[in-house]
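Here the structure comes first, spelled out in structure tokens, and everything after it is commentary.
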Amino acid sequence: MRAIGIDLGTTNSVAAIGGAEIKVLPSSANETLTPSVVGYVRRKKGSPEGEIVVGRQALSHAVRDPENTIFSIKRLMGRVYGEPRVSEVQQRFRYRLADAPPQGAQDQGVRVLLNGQPYTPVQVSSMILRQVKAGAELALGEEVTHAVITVPAYFEERQRKATIEAGEVAGLKVLEIIDEPTAASIAFGAGKEKERHRVLVYDLGGGTFDISIVQMTAGQYSVLDASGNNWLGGDDFDQTIVARMIEWVKQEYDGYDPTPDVAFLIKAKIEAERAKIALSAQQRYTISAPLMLKVPHVGSHVDLELEITREQFEQDIRPSVDETMQIVRRTLERQHLTPEDITEVLLVGGSTAVPLVQQEMFALFGQFRVKRHVNPMDCVALGAGILASSRPLAGESQDRPAGGKGPRVQGVTPMHLGIAAVRGDNPDAFVPIIPKGTPYPLLEPMKHTFRPSEENQTLIRVPVYEGLSERASLNEQQGVIEFPLPEGLGMSSAVEVSFNYDSSRLLTVGIRVIGTDHRYTETLKRDRPRAPAPGQPQNLVDDWREELQPSLKAASHFLETYGEYMTPEDRQETQDAMKKGEEALRQRDPVAGQQAILELRSKVLGSGTASLLFIAERAMHGVNPETSQLLAYAVASLRAAHRRGNETDVARLSSELRTVVAQIVSKQMAVPGVEDRKDWEDLLRDIEG
């Protein structure tokens, strides 16, 4: 058995291994990159018989049969019919989708057509993974059975679930799902386990953009913040060049619009990518494509010849690059950091080779902190490979001699995760349960209480959403949990919904009727039924008061106990949130009440040293007395450093304590690969020293 790391990319996919030798594995075509493309090749022209091909062969065949070539399937992972993003993909790539299933069907997931047969994005992605797996086995000379697979940090819960499903269909046991920026930071940290860094990862791939700030300490990778845009990447850069090619055709041939010509669009995309790469090394490039398209009123195929300068290209992509930089600045501001607080900046993804991107990063962080010494196309896979080499496989002991001790990872949620509910006159309210910025895996489930909307109700439906809008329908639905209620349940009964995240950020939902033995737990499935449209009965009424009152009490205790460790801004914002909550209770305003709950949670979990002390003291429960005593000493040391006003000691001790707590949490959550207790005892003794 062998485990590998896989960067399942929008444009290309890469495999790598860790352990004694960390390296990228060649594909079956003896290349490091496998194009994430799947096509159908007919044996004879006009014949229905043929075969599905993957990678370089599919890409080469794309021009001849574009309707049977699937690009960027990653953009459709976890998507359902009717979503605007699905229409965007279809318009850009022009491959056909199968007819939408009937309304109310169990699985509303999209399907693409290859040779007239429908395939889910999971099935298409599994073909790519199977190809990557085969190449790795050929390179290693042994069977590959397990993998760590990377996803964008901004991937939703249902997209992560779909990725695991694709790995399983490809014959792989998926050990873990890890965010791409975090994997890149692990590759950067190889051999630097004794160093401390606060790393900003700028990951601009073919179809997605991610930004993460990662604290590296003694082999522990703690994500402080993550943000991004799942619909911004190198593909968008290419499309600006394609747009110039379309305009050239219109000007040269009396307004003829080539966009309905799918073969032309495929050729144009390939030529645009070549031009983008060339313009990273030179100031101008001429696209010279013979017999590029057939113009009807000319009556034959015509050549395309168009010169593009780097200045024109940078002008076209400037809005996209500016958007990435705005996300970078907002992420720094949320963490109260300046560019000078970042020790290293990692550029990840092929599109970071674009000079304009590098110039903007140099201008913000300085040239010598921006690192590209690890190949931007390989570093995500390398980090996943390092992680895979340290994780125990089925049937193995928890210690892997070949892999040794591996990195420990703690992530944060980039969006709120919650449920839809009817509140008064608002049938489309979003109730966050796990707020944005929450570290995971969780110490314990996060909970919310509801009451049945009618007497003798027999079924509760809980629609789960992920996003940042206060309106549920503007967020992304992850599925629906259905729970049968016991007979005779009245409207005065309370029903508790709990959410829990594991190390792969996969969701487990718990439902129980408080005061009874009726309870239900389910790991949310990607193909759960969809919720009714906003305005239709949800069968739930939000009992927000029962949640707000303990939240106010907890915030008051937090201020009283940890207020001296908070910044003046955090103290004021917490007090403002408490006033908002108290006013909501007086005015009986459920919308303002729920917003206050969210703000109070965010301040308790996101107030720097104060929150770290709060979480650390909670982590003391459930551990053995010796561990609890050591952890108590670490907390006391941090408190003392803060009172002395020694910012250097506070930063050092906070970093150490964050590492310790993350390891305790990982151990409590039974995350594979966590080191023995002596490791974090050593860290605590380092704090004492």
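Identifiers in this document derive from the order of the structure tokens: chains are assigned A, B, ..., residues are numbered from 1 separately in each chain, and ligands are numbered from 1 in order of occurrence.
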Selection near Ile317 of chain A, 9 Å with only C-alpha atoms, sequence-local residues under 2 positions removed, as a list in words: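 The residues that qualify are Asp236, Phe237, Thr240, Gln312, Phe313, Glu314, Gln315, Pro319, Ser320, Val321, Asp322 and Leu356 of chain A.
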Within 7 Å of segment 45-58 of chain A, counting only C-alpha atoms, which residues qualify if same-chain residues fewer than 2 places away don't, as a tab-separated table (two decimals) with C-alpha atoms, in the first residue's frame?
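Contents of the output file out.tsv:
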chain	number	residue	atom	x	y	z
A	34	THR	CA	-1.84	15.85	-16.22
A	35	PRO	CA	-4.33	18.14	-18.00
A	36	SER	CA	-7.65	17.98	-16.11
A	37	VAL	CA	-9.49	17.23	-19.35
A	38	VAL	CA	-11.73	14.29	-20.28
A	39	GLY	CA	-12.89	13.53	-23.82
A	40	TYR	CA	-14.51	10.92	-26.01
A	41	VAL	CA	-12.58	9.74	-29.08
A	42	ARG	CA	-14.43	7.87	-31.81
A	43	ARG	CA	-12.67	5.02	-33.59
A	60	SER	CA	-5.14	17.14	-28.15
A	61	HIS	CA	-8.47	15.86	-29.44
A	62	ALA	CA	-10.48	18.84	-28.14
A	69	THR	CA	-14.36	17.39	-24.40
A	128	ILE	CA	-8.83	12.28	-13.86
A	131	GLN	CA	-5.31	8.61	-14.57
Non-local contacts of Val24 of chain A (10 Å; only C-alpha atoms; under 4 positions in same chain excluded) as a list in words: Ile4, Gly5, Ile6, Val14, Ala15, Ala16, Ile17, Gly18, Glu31, Thr32, Leu33, Ala136, Asp378, Cys379, Ala381, Leu382 and Gly385 of chain A
Could you dump the residues just selected with N, CA and C atoms as a PDB file, in the first residue's frame?
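In the end it all went to out06.pdb:
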ATOM      1  N   ILE A   4      -0.217   8.847  -1.649  1.00  0.00           N
ATOM      2  CA  ILE A   4       0.340   9.970  -2.392  1.00  0.00           C
ATOM      3  C   ILE A   4      -0.482  11.223  -2.111  1.00  0.00           C
ATOM      4  N   GLY A   5       0.061  12.360  -2.481  1.00  0.00           N
ATOM      5  CA  GLY A   5      -0.686  13.605  -2.451  1.00  0.00           C
ATOM      6  C   GLY A   5      -1.100  13.975  -3.859  1.00  0.00           C
ATOM      7  N   ILE A   6      -2.320  14.488  -4.014  1.00  0.00           N
ATOM      8  CA  ILE A   6      -2.826  14.850  -5.339  1.00  0.00           C
ATOM      9  C   ILE A   6      -3.383  16.263  -5.304  1.00  0.00           C
ATOM     10  N   VAL A  14      -1.623  17.145 -10.402  1.00  0.00           N
ATOM     11  CA  VAL A  14      -0.250  16.738 -10.105  1.00  0.00           C
ATOM     12  C   VAL A  14      -0.270  15.767  -8.934  1.00  0.00           C
ATOM     13  N   ALA A  15       0.639  14.770  -8.968  1.00  0.00           N
ATOM     14  CA  ALA A  15       0.800  13.830  -7.861  1.00  0.00           C
ATOM     15  C   ALA A  15       2.204  13.957  -7.294  1.00  0.00           C
ATOM     16  N   ALA A  16       2.341  13.698  -5.992  1.00  0.00           N
ATOM     17  CA  ALA A  16       3.653  13.783  -5.348  1.00  0.00           C
ATOM     18  C   ALA A  16       3.697  12.831  -4.165  1.00  0.00           C
ATOM     19  N   ILE A  17       4.911  12.541  -3.718  1.00  0.00           N
ATOM     20  CA  ILE A  17       5.109  11.719  -2.522  1.00  0.00           C
ATOM     21  C   ILE A  17       5.992  12.482  -1.544  1.00  0.00           C
ATOM     22  N   GLY A  18       5.862  12.124  -0.254  1.00  0.00           N
ATOM     23  CA  GLY A  18       6.720  12.680   0.778  1.00  0.00           C
ATOM     24  C   GLY A  18       7.617  11.602   1.331  1.00  0.00           C
ATOM     25  N   GLU A  31       5.040  13.345 -18.016  1.00  0.00           N
ATOM     26  CA  GLU A  31       5.007  14.780 -17.748  1.00  0.00           C
ATOM     27  C   GLU A  31       4.648  14.984 -16.279  1.00  0.00           C
ATOM     28  N   THR A  32       5.012  16.117 -15.721  1.00  0.00           N
ATOM     29  CA  THR A  32       4.654  16.352 -14.322  1.00  0.00           C
ATOM     30  C   THR A  32       3.188  16.751 -14.178  1.00  0.00           C
ATOM     31  N   LEU A  33       2.628  17.345 -15.225  1.00  0.00           N
ATOM     32  CA  LEU A  33       1.246  17.814 -15.183  1.00  0.00           C
ATOM     33  C   LEU A  33       0.344  16.901 -16.012  1.00  0.00           C
ATOM     34  N   ALA A 136       1.151   7.486 -11.146  1.00  0.00           N
ATOM     35  CA  ALA A 136       1.941   7.355  -9.925  1.00  0.00           C
ATOM     36  C   ALA A 136       2.375   5.909  -9.703  1.00  0.00           C
ATOM     37  N   ASP A 378       3.979  22.918  -8.537  1.00  0.00           N
ATOM     38  CA  ASP A 378       4.182  21.643  -7.852  1.00  0.00           C
ATOM     39  C   ASP A 378       3.931  21.700  -6.354  1.00  0.00           C
ATOM     40  N   CYS A 379       4.020  22.906  -5.750  1.00  0.00           N
ATOM     41  CA  CYS A 379       4.113  22.971  -4.291  1.00  0.00           C
ATOM     42  C   CYS A 379       2.859  22.454  -3.591  1.00  0.00           C
ATOM     43  N   ALA A 381       0.859  19.950  -4.577  1.00  0.00           N
ATOM     44  CA  ALA A 381       0.945  18.488  -4.571  1.00  0.00           C
ATOM     45  C   ALA A 381       2.035  18.008  -3.617  1.00  0.00           C
ATOM     46  N   LEU A 382       3.166  18.721  -3.571  1.00  0.00           N
ATOM     47  CA  LEU A 382       4.258  18.323  -2.674  1.00  0.00           C
ATOM     48  C   LEU A 382       3.805  18.377  -1.221  1.00  0.00           C
ATOM     49  N   GLY A 385       1.642  15.493  -0.569  1.00  0.00           N
ATOM     50  CA  GLY A 385       2.449  14.279  -0.495  1.00  0.00           C
ATOM     51  C   GLY A 385       3.127  14.129   0.851  1.00  0.00           C
TER      52      GLY A 385
END
Residues flagged helix (DSSP H, G or I) by DSSP in segment 336-521 of chain A, as a count of residues only: 36
Atom CA of Val495 of chain A to atom CA of Ile511 of chain A, distance in Å rounded to a single decimal: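 Between atom CA of Val495 of chain A and atom CA of Ile511 of chain A the gap works out to 7.0 Å.
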Filtered DSSP result for segment 47-134 of chain A, state strand (DSSP E), as a list of chain:residue names: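 So the strand (DSSP E) residues in segment 47-134 of chain A would be A:Gly50, A:Glu51, A:Ile52, A:Val53, A:Val54, A:Thr69, A:Ile70, A:Val112, A:Leu113, A:Leu114, A:Gln117, A:Pro118, A:Tyr119.
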All residues 10 Å or closer to Gly171 of chain A, only C-alpha atoms, same chain fewer than 4 positions away omitted, as a PyMOL selection string: chain A and resi 126+129-130+133+144-146+166-167
Since we have the selection now, will you write its residues out, keeping N, CA and C atoms, as a short mmCIF file (atom, residue, chain, number, x, y, z; two decimals), in the first residue's frame?
data_model
loop_
_atom_site.label_atom_id
_atom_site.label_comp_id
_atom_site.auth_asym_id
_atom_site.auth_seq_id
_atom_site.Cartn_x
_atom_site.Cartn_y
_atom_site.Cartn_z
N SER A 126 -13.30 11.55 -11.10
CA SER A 126 -12.71 10.25 -10.76
C SER A 126 -11.89 9.70 -11.92
N LEU A 129 -8.60 11.45 -11.59
CA LEU A 129 -7.87 10.89 -10.45
C LEU A 129 -7.34 9.48 -10.77
N ARG A 130 -8.14 8.71 -11.50
CA ARG A 130 -7.69 7.37 -11.86
C ARG A 130 -6.47 7.43 -12.78
N LYS A 133 -3.54 8.40 -10.59
CA LYS A 133 -3.19 7.22 -9.80
C LYS A 133 -2.37 6.24 -10.64
N VAL A 144 -0.90 2.15 -5.57
CA VAL A 144 -1.27 3.32 -4.79
C VAL A 144 -2.70 3.11 -4.30
N THR A 145 -2.89 3.15 -2.99
CA THR A 145 -4.20 2.84 -2.41
C THR A 145 -4.83 4.01 -1.67
N HIS A 146 -4.01 4.97 -1.21
CA HIS A 146 -4.49 6.07 -0.38
C HIS A 146 -4.00 7.40 -0.93
N ALA A 166 -15.24 11.39 -5.41
CA ALA A 166 -14.50 11.15 -6.65
C ALA A 166 -13.27 10.29 -6.39
N GLY A 167 -12.57 10.56 -5.29
CA GLY A 167 -11.41 9.74 -4.94
C GLY A 167 -11.79 8.30 -4.69
#
Excluding same-chain residues fewer than 2 positions from segment 635-637 of chain A, what lies within 12 Å of it counting only C-alpha atoms, as a PDB file with C-alpha atoms, in the first residue's frame?
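File part-v4.pdb, as written:
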ATOM      1  CA  THR A 609      -4.859  36.918  23.146  1.00  0.00           C
ATOM      2  CA  ALA A 610      -8.137  37.007  25.079  1.00  0.00           C
ATOM      3  CA  SER A 611      -9.734  34.370  22.858  1.00  0.00           C
ATOM      4  CA  LEU A 612      -6.583  32.237  22.917  1.00  0.00           C
ATOM      5  CA  LEU A 613      -6.655  32.193  26.725  1.00  0.00           C
ATOM      6  CA  PHE A 614     -10.388  31.434  26.696  1.00  0.00           C
ATOM      7  CA  ILE A 615      -9.946  28.478  24.323  1.00  0.00           C
ATOM      8  CA  ALA A 616      -6.826  27.204  26.113  1.00  0.00           C
ATOM      9  CA  GLU A 617      -8.559  27.116  29.485  1.00  0.00           C
ATOM     10  CA  ARG A 618     -11.474  25.222  27.943  1.00  0.00           C
ATOM     11  CA  ALA A 619      -8.997  22.737  26.450  1.00  0.00           C
ATOM     12  CA  MET A 620      -7.809  21.822  29.971  1.00  0.00           C
ATOM     13  CA  SER A 628      -3.785  20.117  32.581  1.00  0.00           C
ATOM     14  CA  GLN A 629      -1.104  21.390  34.967  1.00  0.00           C
ATOM     15  CA  LEU A 630       1.368  22.021  32.145  1.00  0.00           C
ATOM     16  CA  LEU A 631      -1.263  23.801  30.096  1.00  0.00           C
ATOM     17  CA  ALA A 632      -2.244  25.937  33.104  1.00  0.00           C
ATOM     18  CA  TYR A 633       1.379  27.008  33.471  1.00  0.00           C
ATOM     19  CA  ARG A 639      -0.925  36.251  31.163  1.00  0.00           C
ATOM     20  CA  ALA A 640       2.238  37.410  32.945  1.00  0.00           C
ATOM     21  CA  ALA A 641       3.954  38.441  29.690  1.00  0.00           C
ATOM     22  CA  HIS A 642       0.884  40.459  28.716  1.00  0.00           C
ATOM     23  CA  ARG A 643       0.824  42.261  32.078  1.00  0.00           C
ATOM     24  CA  ARG A 644       4.529  43.104  31.678  1.00  0.00           C
ATOM     25  CA  ASN A 646       6.441  42.577  26.576  1.00  0.00           C
ATOM     26  CA  ASP A 649       7.176  37.465  24.683  1.00  0.00           C
ATOM     27  CA  VAL A 650       3.425  37.738  24.106  1.00  0.00           C
ATOM     28  CA  ALA A 651       3.857  36.918  20.401  1.00  0.00           C
ATOM     29  CA  ARG A 652       6.198  33.998  21.150  1.00  0.00           C
ATOM     30  CA  LEU A 653       4.096  32.550  23.943  1.00  0.00           C
ATOM     31  CA  SER A 654       0.861  33.002  21.949  1.00  0.00           C
ATOM     32  CA  SER A 655       2.349  31.094  19.038  1.00  0.00           C
ATOM     33  CA  GLU A 656       3.511  28.276  21.341  1.00  0.00           C
ATOM     34  CA  LEU A 657       0.196  28.103  23.180  1.00  0.00           C
ATOM     35  CA  ARG A 658      -1.775  28.099  19.919  1.00  0.00           C
ATOM     36  CA  VAL A 660      -0.243  23.275  22.044  1.00  0.00           C
ATOM     37  CA  VAL A 661      -4.009  23.815  21.993  1.00  0.00           C
ATOM     38  CA  LEU A 684       5.242  23.653  27.101  1.00  0.00           C
ATOM     39  CA  ARG A 685       8.643  23.207  28.705  1.00  0.00           C
ATOM     40  CA  ASP A 686      10.021  25.443  25.956  1.00  0.00           C
ATOM     41  CA  ILE A 687       7.516  28.069  27.072  1.00  0.00           C
ATOM     42  CA  GLU A 688       8.761  27.667  30.654  1.00  0.00           C
ATOM     43  CA  GLY A 689      12.348  28.135  29.467  1.00  0.00           C
TER      44      GLY A 689
END
Distance query Lys269 of chain A at most 9 Å, only C-alpha atoms, self and fewer than 6 positions along chain excluded, as a PyMOL selection string: chain A and resi 235+238-239+241-242
Who sits within 10 Å of Asp570 of chain A, only C-alpha atoms, same chain under 4 positions skipped, as number ranges by chain: A: 559, 563, 565-566, 574-576, 603-604, 606-608, 610
A:Leu172, A:Leu306, A:Leu417, A:Gly9 ranked by distance to Gln251 of chain A, top pick (using only C-alpha atoms): A:Leu306
Selected residue of minimal separation from Tyr221 of chain A among A:Arg79, A:Arg274, A:Arg196, A:Arg408, counting only C-alpha atoms: A:Arg408
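The space separating atom CA of Glu271 of chain A from atom CA of Gly206 of chain A comes to 15.3 Å.
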